[in-house]
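To start, the structure itself, in structure tokens.
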Amino acid sequence: MKTNDHTLLMLLTLGLLVVASPAKGTTAEVKPAPYVDIHFHADARTEGGGDLPNVAAWMKSNSVDRLIVLQFEKSMPQNEAEAKQIAENFKAYQGQIYRFTVLLAKDVPDKEAAVKTLKKMKEEGVIGFGEHYGRGLDFDDPKCMRLYAACAEVGLPVLFHMDGQNNKDDDKLSHLENALKTYPTCVFIGHGPGFWARMKTMDGLFASHKNLYADISAGSGAKAVSRDKAYSREFLVRHADRVLFGTDGGPWSFGKAKPPHFELVKSLNLPADVHTKLCRENAEKLFKLEHR
Ligand SMILES: [Zn+2]
């Protein structure tokens with residue numbers, strides 16, 4: 001290393017130290033810390049890892065050191081061989097890329113069947129259930145409720161999408177509230193336009209139901225949090241332990257610009273502890289992730 005490089009390195013180190021040291025009062029400049037992205041999509045059904053090597057490369061270029069791949073309809077295993085391949089592919093990224101599983105409401109005859117499958121999946125390393133869509137159903141349709149009952153029993157948090165057609169609800173989110181009340185031991189992580197467009201209602205539900213969480217992923221999360229930053233900042237401080245960082249990235253993100261969520265959370269000027277909880281610690285705690 002040449003002297004110039006040493007100087008540069010020292011300046012860089014100093015720069016990082018200045019950024020990392022908390023300012024007076026409650027707010028600190030936010031250091032460029034690694035993120036845990038809890039909302040990502042990938043197809044891992046093929047040999048050689050499927051999308052996972054590209055996911056790992058995307059993580060590296062975005063300072064994401066751990067990530068959760070959610071299952072969606074198009075990437076669900078169609079047979080035993082694909083299920084085995086998925087498990088094998090994820091094994092290569094243990095402690096770095098985690099995975100959820102999902103069951104479709106229409107495919108599950110009863111709670112017992114769901115419990116049996118989910119127990120097996122949990123033993124194989126799955127850490128959550130989702131992305132649950134409830135296609136064309138109310139959020140608390142009996143077909144959905146038996147999935148929640150199964151997740152409560154097995155101990156898997158449910159990450160759900162909500163919009164006008166899927167996991168439908170009203171402006172009071174009364175269908176969601178019914179599920180939160182019925183399964184108080186089941187953690188529900190909300191996402192999607194039907195959820196984030198009702199941020200004031202969410203605020204109330206967060207206060208009354210400790211099993212409600214949210215992720216800020218996708219356009220819906222980013223838009224809602226950007227709308228009134230002063231309010232969002234208070235919201236995130238009020239519910240500091242239950243909002244999670246996520247992007248809703250996937251193969252469509254590879255080679256594209258950074259999702260807006262990284263800059264957004266920095267721009268909120270959150271207290272340092274709240275920022276760390278949002279970007280990393282809440283996920284570590286909820287999903288019992290290993291430290292890296
Ligand atoms: Zn998603």
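To be explicit about the labels: the chains of the structure tokens are called A, B, and onward in the order shown, and within each one the residues are counted from 1, while ligands get numbers from 1 in the order they are shown.
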- Polymer residues at most 12 Å from Asp241 (chain A), only C-alpha atoms, same-chain spacing of 2 or more positions, as a PyMOL selection string: chain A and resi 206-207+210-215+235-239+243-245+273-286
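Residues in contact with ligand 1 (atom pairs separated by at most 9 Å; only C-alpha atoms and all ligand atoms) are A:His39, A:Phe40, A:His41, A:Leu70, A:Gln71, A:Phe72, A:Gly130, A:Glu131, A:Phe160, A:His161, A:His191, A:Gly192, A:Ser217, A:Ala218, A:Thr247, A:Asp248, A:Gly249, A:Gly250.
Counting only C-alpha atoms and comparing A:Ala114, A:Ala149, A:Ala272, A:Val69, the residue that lies closest to Val126 (chain A) is A:Val69.
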- Message: Counting only C-alpha atoms, which residue out of A:Asp203, A:Glu73, A:Glu153, A:Glu80 sits closest to Gly134 (chain A)?
- Response: A:Glu73
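Atom to atom, CA of Glu263 (chain A) and CA of Asp228 (chain A) stand 15.5 Å apart.
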- Message: For Asn178 (chain A), find every residue with an atom within 9 Å (counting only C-alpha atoms), except residues of its own chain fewer than 5 positions away, and show them as a VMD selection string.
- Response: chain A and resid 139 to 140 173 183
- Message: Just list as a ChimeraX atom specification whatever in region 67-97 of chain A DSSP marks as strand (DSSP E or B).
- Response: /A:67-70,97
- Query: Could you name the residues that touch Ala87 (chain A) at 12 Å or less, counting only C-alpha atoms, but leaving out those on the same chain fewer than 6 positions away, as a ChimeraX atom specification?
  - Reply: /A:43-50,52,77,80-81,93-94,97-101,121-126
- Return as a PyMOL selection string the full set of residues in region 21-180 of chain A whose backbone-based DSSP assignment is alpha helix (DSSP H). chain A and resi 52-61+80-91+111-123+142-154+174-180
List the spatial neighbours of Glu290 (chain A) as a short mmCIF file (atom, residue, chain, number, x, y, z; two decimals) with N, CA and C atoms, in the first residue's frame - criterion: any atom at most 9 Å away, only C-alpha atoms, same-chain residues fewer than 2 positions off excluded.
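The file below, result-v8.cif, is the result:
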data_model
loop_
_atom_site.label_atom_id
_atom_site.label_comp_id
_atom_site.auth_asym_id
_atom_site.auth_seq_id
_atom_site.Cartn_x
_atom_site.Cartn_y
_atom_site.Cartn_z
N GLY A 95 -27.36 -18.68 6.96
CA GLY A 95 -26.94 -17.53 7.75
C GLY A 95 -26.88 -16.24 6.94
N GLN A 96 -27.16 -16.33 5.65
CA GLN A 96 -27.13 -15.13 4.80
C GLN A 96 -28.48 -14.92 4.09
N GLU A 284 -33.66 -9.39 13.25
CA GLU A 284 -32.79 -10.35 13.96
C GLU A 284 -33.54 -10.99 15.11
N LYS A 288 -34.94 -14.59 14.87
CA LYS A 288 -33.78 -15.23 15.54
C LYS A 288 -32.65 -15.49 14.54
N ARG A 292 -23.92 -11.70 11.99
CA ARG A 292 -22.81 -11.83 11.04
C ARG A 292 -21.76 -10.79 11.30
#
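Considering only C-alpha atoms, the residue among A:Tyr148, A:Phe90, A:Phe195, A:Phe287 positioned nearest to Thr182 (chain A) is A:Tyr148.
Between CA of Tyr35 (chain A) and CA of Leu270 (chain A) the separation is 15.3 Å.
Counting only C-alpha atoms, the residue from A:Val102, A:Ala197, A:Leu205, A:Ala224 that sits nearest to Leu156 (chain A) is A:Val102.
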- Item | Pick from A:His291, A:His209, A:Lys266, A:Lys200 nearest to Leu180 (chain A), counting only C-alpha atoms | A:His209
